[in-house]
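Novice: Provided herewith: target-v9.pdb, PDB, C-alpha atoms, pLDDT in the B column.
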ATOM      1  CA  MET Q 244      31.394 -17.165  34.184  1.00 60.00           C
ATOM      2  CA  GLU Q 245      31.696 -13.424  34.685  1.00 63.00           C
ATOM      3  CA  ARG Q 246      31.474 -12.911  30.940  1.00 60.00           C
ATOM      4  CA  GLU Q 247      28.284 -15.001  30.784  1.00 62.00           C
ATOM      5  CA  ALA Q 248      26.696 -12.976  33.597  1.00 59.00           C
ATOM      6  CA  LYS Q 249      27.559  -9.737  31.797  1.00 57.00           C
ATOM      7  CA  TYR Q 250      25.995 -11.078  28.587  1.00 53.00           C
ATOM      8  CA  LYS Q 251      22.772 -12.020  30.427  1.00 60.00           C
ATOM      9  CA  GLU Q 252      22.669  -8.580  32.020  1.00 60.00           C
ATOM     10  CA  GLU Q 253      23.061  -6.877  28.614  1.00 59.00           C
ATOM     11  CA  GLU Q 254      20.401  -9.159  27.140  1.00 61.00           C
ATOM     12  CA  SER Q 255      17.970  -8.360  29.962  1.00 64.00           C
ATOM     13  CA  ILE Q 256      18.531  -4.625  29.383  1.00 67.00           C
ATOM     14  CA  SER Q 257      18.240  -4.823  25.590  1.00 71.00           C
ATOM     15  CA  GLU Q 258      14.778  -6.436  25.600  1.00 74.00           C
ATOM     16  CA  PRO Q 259      13.115  -3.585  27.559  1.00 74.00           C
ATOM     17  CA  LEU Q 260      15.057  -1.118  25.390  1.00 69.00           C
ATOM     18  CA  ARG Q 261      13.617  -2.682  22.226  1.00 72.00           C
ATOM     19  CA  ALA Q 262      10.126  -2.551  23.729  1.00 70.00           C
ATOM     20  CA  MET Q 263      10.628   1.105  24.628  1.00 69.00           C
ATOM     21  CA  ARG Q 264      11.815   1.939  21.089  1.00 69.00           C
ATOM     22  CA  LYS Q 265       8.731   0.251  19.667  1.00 68.00           C
ATOM     23  CA  GLN Q 266       6.489   2.230  22.010  1.00 65.00           C
ATOM     24  CA  MET Q 267       8.226   5.464  20.970  1.00 64.00           C
ATOM     25  CA  LYS Q 268       7.627   4.664  17.297  1.00 62.00           C
ATOM     26  CA  ASN Q 269       3.961   3.964  18.035  1.00 60.00           C
ATOM     27  CA  LEU Q 270       3.721   7.234  19.925  1.00 55.00           C
ATOM     28  CA  GLN Q 271       5.278   9.118  17.007  1.00 53.00           C
ATOM     29  CA  ALA Q 272       2.804   7.510  14.612  1.00 50.00           C
ATOM     30  CA  ALA Q 273      -0.084   8.385  16.935  1.00 47.00           C
ATOM     31  CA  ARG Q 274       1.005  12.028  16.936  1.00 48.00           C
ATOM     32  CA  GLY Q 275       0.991  12.105  13.143  1.00 51.00           C
ATOM     33  CA  ARG Q 276       4.738  11.749  12.654  1.00 55.00           C
ATOM     34  CA  GLU Q 277       5.597   9.031  10.226  1.00 59.00           C
ATOM     35  CA  SER Q 278       8.609   6.824  10.784  1.00 62.00           C
ATOM     36  CA  LEU Q 279      11.290   6.960   8.135  1.00 61.00           C
ATOM     37  CA  ASP Q 280      13.064   3.796   9.281  1.00 68.00           C
ATOM     38  CA  TYR Q 281      13.662   1.328   6.461  1.00 57.00           C
ATOM     39  CA  GLU Q 282      11.968  -1.486   8.370  1.00 65.00           C
ATOM     40  CA  ASP Q 283       8.901   0.677   9.036  1.00 66.00           C
ATOM     41  CA  LEU Q 284       8.627   1.790   5.419  1.00 58.00           C
ATOM     42  CA  ARG Q 285       8.664  -1.731   4.017  1.00 64.00           C
ATOM     43  CA  ILE Q 286       5.113  -2.883   3.394  1.00 60.00           C
ATOM     44  CA  TYR Q 287       5.770  -6.632   3.139  1.00 64.00           C
ATOM     45  CA  PRO Q 288       9.131  -7.242   4.809  1.00 68.00           C
ATOM     46  CA  ASN Q 289       8.783 -11.033   4.944  1.00 73.00           C
ATOM     47  CA  VAL Q 290       8.097 -11.547   1.240  1.00 73.00           C
ATOM     48  CA  ASP Q 291      11.015 -11.832  -1.154  1.00 72.00           C
ATOM     49  CA  MET Q 292      10.974 -12.111  -4.900  1.00 69.00           C
ATOM     50  CA  PRO Q 293      11.924 -15.553  -6.231  1.00 73.00           C
ATOM     51  CA  ILE Q 294      15.480 -15.737  -7.559  1.00 77.00           C
ATOM     52  CA  GLY Q 295      15.523 -14.869 -11.231  1.00 78.00           C
ATOM     53  CA  HIS Q 296      12.044 -13.336 -11.198  1.00 70.00           C
ATOM     54  CA  LYS Q 297      11.635 -10.522 -13.681  1.00 76.00           C
ATOM     55  CA  PRO Q 298       8.772  -8.291 -12.583  1.00 69.00           C
ATOM     56  CA  SER Q 299       6.023  -7.646 -15.093  1.00 70.00           C
ATOM     57  CA  MET Q 300       5.401  -4.182 -16.433  1.00 81.00           C
ATOM     58  CA  PHE Q 301       2.031  -3.344 -14.967  1.00 83.00           C
ATOM     59  CA  ASP Q 302      -0.478  -0.916 -16.390  1.00 84.00           C
ATOM     60  CA  THR Q 303      -0.587   1.858 -13.826  1.00 90.00           C
ATOM     61  CA  PHE Q 304      -3.752   3.053 -12.174  1.00 90.00           C
ATOM     62  CA  ASP Q 305      -3.944   6.646 -10.936  1.00 90.00           C
ATOM     63  CA  GLY Q 306      -7.277   6.400  -9.157  1.00 88.00           C
ATOM     64  CA  ILE Q 307      -9.342   7.447 -12.163  1.00 85.00           C
ATOM     65  CA  GLY Q 308     -11.365   4.838 -13.977  1.00 84.00           C
ATOM     66  CA  ASP Q 309     -12.829   1.489 -13.108  1.00 85.00           C
ATOM     67  CA  PRO Q 310     -10.940  -0.146 -10.206  1.00 87.00           C
ATOM     68  CA  HIS Q 311     -12.324  -3.581 -11.070  1.00 86.00           C
ATOM     69  CA  THR Q 312     -10.904  -3.322 -14.568  1.00 85.00           C
ATOM     70  CA  HIS Q 313      -7.543  -2.470 -13.027  1.00 87.00           C
ATOM     71  CA  LEU Q 314      -7.710  -5.504 -10.712  1.00 88.00           C
ATOM     72  CA  ARG Q 315      -8.444  -7.794 -13.642  1.00 87.00           C
ATOM     73  CA  ALA Q 316      -5.628  -6.364 -15.752  1.00 86.00           C
ATOM     74  CA  TYR Q 317      -3.234  -6.580 -12.785  1.00 85.00           C
ATOM     75  CA  CYS Q 318      -4.066 -10.221 -12.047  1.00 84.00           C
ATOM     76  CA  ASP Q 319      -3.726 -11.089 -15.727  1.00 81.00           C
ATOM     77  CA  LYS Q 320      -0.117  -9.789 -15.704  1.00 81.00           C
ATOM     78  CA  LEU Q 321       0.924 -12.006 -12.781  1.00 78.00           C
ATOM     79  CA  VAL Q 322       2.051 -14.919 -14.909  1.00 70.00           C
ATOM     80  CA  GLY Q 323       4.211 -17.262 -12.853  1.00 71.00           C
ATOM     81  CA  VAL Q 324       3.653 -15.647  -9.445  1.00 76.00           C
ATOM     82  CA  GLY Q 325      -0.081 -14.969  -9.317  1.00 72.00           C
ATOM     83  CA  ARG Q 326      -0.882 -18.011  -7.219  1.00 79.00           C
ATOM     84  CA  ASN Q 327       1.519 -16.800  -4.502  1.00 85.00           C
ATOM     85  CA  GLU Q 328      -0.894 -14.621  -2.532  1.00 87.00           C
ATOM     86  CA  LYS Q 329       1.737 -12.734  -0.507  1.00 88.00           C
ATOM     87  CA  LEU Q 330       3.766 -11.940  -3.611  1.00 87.00           C
ATOM     88  CA  ARG Q 331       0.610 -10.833  -5.421  1.00 87.00           C
ATOM     89  CA  MET Q 332      -0.068  -8.457  -2.526  1.00 89.00           C
ATOM     90  CA  LYS Q 333       3.517  -7.189  -2.438  1.00 88.00           C
ATOM     91  CA  LEU Q 334       3.580  -6.408  -6.169  1.00 89.00           C
ATOM     92  CA  PHE Q 335       0.244  -4.557  -6.111  1.00 90.00           C
ATOM     93  CA  ILE Q 336       1.960  -1.258  -5.269  1.00 91.00           C
ATOM     94  CA  ARG Q 337       3.827  -1.392  -8.593  1.00 90.00           C
ATOM     95  CA  SER Q 338       0.559  -0.951 -10.442  1.00 92.00           C
ATOM     96  CA  PHE Q 339      -0.212   2.464  -8.939  1.00 94.00           C
ATOM     97  CA  THR Q 340       0.614   6.065  -9.588  1.00 92.00           C
ATOM     98  CA  GLY Q 341      -0.796   9.397  -8.423  1.00 92.00           C
ATOM     99  CA  GLU Q 342      -3.788   9.322  -6.084  1.00 89.00           C
ATOM    100  CA  ALA Q 343      -4.013   5.522  -6.127  1.00 91.00           C
ATOM    101  CA  LEU Q 344      -0.404   5.274  -4.959  1.00 93.00           C
ATOM    102  CA  THR Q 345      -1.169   7.758  -2.192  1.00 91.00           C
ATOM    103  CA  TRP Q 346      -4.213   5.677  -1.204  1.00 89.00           C
ATOM    104  CA  TYR Q 347      -2.105   2.518  -1.040  1.00 92.00           C
ATOM    105  CA  THR Q 348       0.751   3.969   0.979  1.00 90.00           C
ATOM    106  CA  ARG Q 349      -1.629   5.506   3.533  1.00 90.00           C
ATOM    107  CA  ARG Q 350      -3.154   2.108   4.304  1.00 90.00           C
ATOM    108  CA  ASP Q 351      -1.957  -0.216   7.042  1.00 86.00           C
ATOM    109  CA  PRO Q 352      -1.158  -3.524   5.318  1.00 83.00           C
ATOM    110  CA  ARG Q 353      -1.581  -5.393   8.609  1.00 83.00           C
ATOM    111  CA  ASN Q 354      -5.323  -4.937   8.050  1.00 88.00           C
ATOM    112  CA  TRP Q 355      -5.007  -7.021   4.892  1.00 91.00           C
ATOM    113  CA  ARG Q 356      -4.588 -10.603   6.025  1.00 91.00           C
ATOM    114  CA  GLU Q 357      -5.145 -11.945   2.535  1.00 91.00           C
ATOM    115  CA  TRP Q 358      -5.565 -10.784  -1.059  1.00 90.00           C
ATOM    116  CA  GLN Q 359      -9.354 -10.662  -0.722  1.00 90.00           C
ATOM    117  CA  ASP Q 360      -9.071  -8.088   2.105  1.00 91.00           C
ATOM    118  CA  MET Q 361      -6.817  -5.878   0.006  1.00 91.00           C
ATOM    119  CA  ALA Q 362      -8.957  -6.157  -3.121  1.00 90.00           C
ATOM    120  CA  GLU Q 363     -12.152  -5.360  -1.183  1.00 90.00           C
ATOM    121  CA  ASP Q 364     -10.541  -2.333   0.471  1.00 92.00           C
ATOM    122  CA  PHE Q 365      -9.344  -1.143  -2.942  1.00 90.00           C
ATOM    123  CA  MET Q 366     -12.798  -1.557  -4.460  1.00 88.00           C
ATOM    124  CA  ASN Q 367     -14.588   0.070  -1.514  1.00 88.00           C
ATOM    125  CA  CYS Q 368     -12.364   3.141  -1.597  1.00 86.00           C
ATOM    126  CA  LEU Q 369     -12.502   3.620  -5.366  1.00 83.00           C
ATOM    127  CA  ARG Q 370     -15.979   2.297  -6.171  1.00 79.00           C
ATOM    128  CA  TYR Q 371     -17.220   5.856  -6.639  1.00 75.00           C
ATOM    129  CA  ASN Q 372     -15.397   5.859 -10.003  1.00 69.00           C
ATOM    130  CA  ILE Q 373     -17.884   3.329 -11.332  1.00 67.00           C
ATOM    131  CA  LYS Q 374     -20.955   5.078  -9.920  1.00 60.00           C
ATOM    132  CA  ILE Q 375     -20.099   8.461 -11.387  1.00 57.00           C
ATOM    133  CA  THR Q 376     -21.017   7.985 -15.012  1.00 57.00           C
ATOM    134  CA  LEU Q 377     -21.767  11.322 -16.605  1.00 58.00           C
ATOM    135  CA  ASP Q 378     -24.321  11.468 -19.354  1.00 61.00           C
ATOM    136  CA  ARG Q 379     -24.117  13.817 -22.349  1.00 66.00           C
ATOM    137  CA  PHE Q 380     -26.268  16.482 -20.650  1.00 64.00           C
ATOM    138  CA  ALA Q 381     -23.998  16.566 -17.582  1.00 62.00           C
ATOM    139  CA  LEU Q 382     -20.881  16.808 -19.750  1.00 65.00           C
ATOM    140  CA  VAL Q 383     -22.299  19.717 -21.782  1.00 70.00           C
ATOM    141  CA  ASN Q 384     -23.023  21.670 -18.588  1.00 69.00           C
ATOM    142  CA  LEU Q 385     -19.652  20.958 -17.014  1.00 71.00           C
ATOM    143  CA  GLN Q 386     -17.576  24.106 -16.491  1.00 75.00           C
ATOM    144  CA  LYS Q 387     -14.019  24.667 -15.333  1.00 76.00           C
ATOM    145  CA  LYS Q 388     -13.816  26.117 -11.831  1.00 75.00           C
ATOM    146  CA  SER Q 389     -11.442  29.017 -11.277  1.00 79.00           C
ATOM    147  CA  SER Q 390      -9.683  27.056  -8.531  1.00 79.00           C
ATOM    148  CA  GLU Q 391      -8.831  24.022 -10.691  1.00 75.00           C
ATOM    149  CA  SER Q 392      -6.116  23.550 -13.272  1.00 79.00           C
ATOM    150  CA  PHE Q 393      -6.957  22.617 -16.835  1.00 75.00           C
ATOM    151  CA  GLN Q 394      -5.638  19.094 -16.198  1.00 75.00           C
ATOM    152  CA  GLU Q 395      -8.028  18.657 -13.251  1.00 74.00           C
ATOM    153  CA  TYR Q 396     -10.890  20.040 -15.346  1.00 69.00           C
ATOM    154  CA  ALA Q 397     -10.084  17.666 -18.214  1.00 69.00           C
ATOM    155  CA  ARG Q 398     -10.268  14.658 -15.905  1.00 64.00           C
TER     156      ARG Q 398
END
Kindly present the structure from the file in structure tokens form.
Specialist:
Amino acid sequence: MEREAKYKEEESISEPLRAMRKQMKNLQAARGRESLDYEDLRIYPNVDMPIGHKPSMFDTFDGIGDPHTHLRAYCDKLVGVGRNEKLRMKLFIRSFTGEALTWYTRRDPRNWREWQDMAEDFMNCLRYNIKITLDRFALVNLQKKSSESFQEYAR
């Protein structure tokens, strides 16, 4: 009986402690500090790969080029798991590198309730790549700025 009362007392203390830890993490995030806890870094913690699944090798997207083309190529590679919306969303990060990877990791995945939300956010943020189509005249007049590297200029 005494043991049971002690357990209930510990349980009643641990719940407010968990709530306080969560509030502290939120406060850290609000101040610009990012949590490095494993659970906080996981983007889709409730989605596991099926046993025996061998992930596809995705073409990587670095933020340069047509984002819609990347979405189509990505979806085409999802043979066997593409109909599983949560898994499709979880694997999306594997198709990024460079600036696109930075874009993805800076997003809050809780804002993406479904694949459509994620795809629309992706397109809205990178749509400028489609709109900026340089013609021959613009390319001829393009000059390297002193502040940019040759690689940036070449892009």
Novice: Within 10 Å of (2.7, -8.6, -4.7), in the coordinates the file gives, what residues turn up when you count only C-alpha atoms, written out as a list in words?
Specialist: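 Protein, DNA and RNA residues close to (2.7, -8.6, -4.7): Tyr287, Val290, Asp291, Met292, Pro298, Leu321, Val324, Gly325, Asn327, Glu328, Lys329, Leu330, Arg331, Met332, Lys333, Leu334, Phe335, Ile336, Arg337, Ser338 and Trp358 of chain Q.
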Novice: Once the PyMOL selection byres ((chain Q and resi 368) around 12) has been applied to the shown file, what residues remain in the selection, as a JSON list (two decimals) with C-alpha atoms, in the coordinates of the input?
Specialist:
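And here is the file that came out, selection_33.json:
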[["chain", "number", "residue", "atom", "x", "y", "z"],
["Q", 306, "GLY", "CA", -7.28, 6.40, -9.16],
["Q", 307, "ILE", "CA", -9.34, 7.45, -12.16],
["Q", 309, "ASP", "CA", -12.83, 1.49, -13.11],
["Q", 310, "PRO", "CA", -10.94, -0.15, -10.21],
["Q", 311, "HIS", "CA", -12.32, -3.58, -11.07],
["Q", 342, "GLU", "CA", -3.79, 9.32, -6.08],
["Q", 343, "ALA", "CA", -4.01, 5.52, -6.13],
["Q", 346, "TRP", "CA", -4.21, 5.68, -1.20],
["Q", 347, "TYR", "CA", -2.10, 2.52, -1.04],
["Q", 350, "ARG", "CA", -3.15, 2.11, 4.30],
["Q", 361, "MET", "CA", -6.82, -5.88, 0.01],
["Q", 362, "ALA", "CA", -8.96, -6.16, -3.12],
["Q", 363, "GLU", "CA", -12.15, -5.36, -1.18],
["Q", 364, "ASP", "CA", -10.54, -2.33, 0.47],
["Q", 365, "PHE", "CA", -9.34, -1.14, -2.94],
["Q", 366, "MET", "CA", -12.80, -1.56, -4.46],
["Q", 367, "ASN", "CA", -14.59, 0.07, -1.51],
["Q", 369, "LEU", "CA", -12.50, 3.62, -5.37],
["Q", 370, "ARG", "CA", -15.98, 2.30, -6.17],
["Q", 371, "TYR", "CA", -17.22, 5.86, -6.64],
["Q", 372, "ASN", "CA", -15.40, 5.86, -10.00],
["Q", 373, "ILE", "CA", -17.88, 3.33, -11.33]]
Novice: Have a look at CA of Ser299 in chain Q and CA of Lys320 in chain Q and let me know their distance in Å, one decimal.
Specialist: 6.5 Å
Novice: So, counting all atoms listed in the file, which residue among Q:Gln386, Q:Asp302, Q:Phe393, Q:Lys297 is closest to Thr340 in chain Q?
Specialist: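 Of all the options, Q:Asp302 lies closest to Thr340 in chain Q.
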Novice: Can you work out the spacing between CA of Pro293 in chain Q and CA of Gly323 in chain Q in Å, to one decimal?
Specialist: 10.3 Å
Novice: Quick one: pull the distance between CA of Lys387 in chain Q and CA of Thr345 in chain Q, Å, one decimal.
Specialist: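 Atom-to-atom, CA of Lys387 in chain Q and CA of Thr345 in chain Q are spaced 25.0 Å apart.
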Novice: Residues around (-1.5, -2.5, -13.9), cut-off 7 Å, counting all atoms listed in the file - what are they as a ChimeraX atom specification?
Specialist: /Q:301-304,313,316-317,338
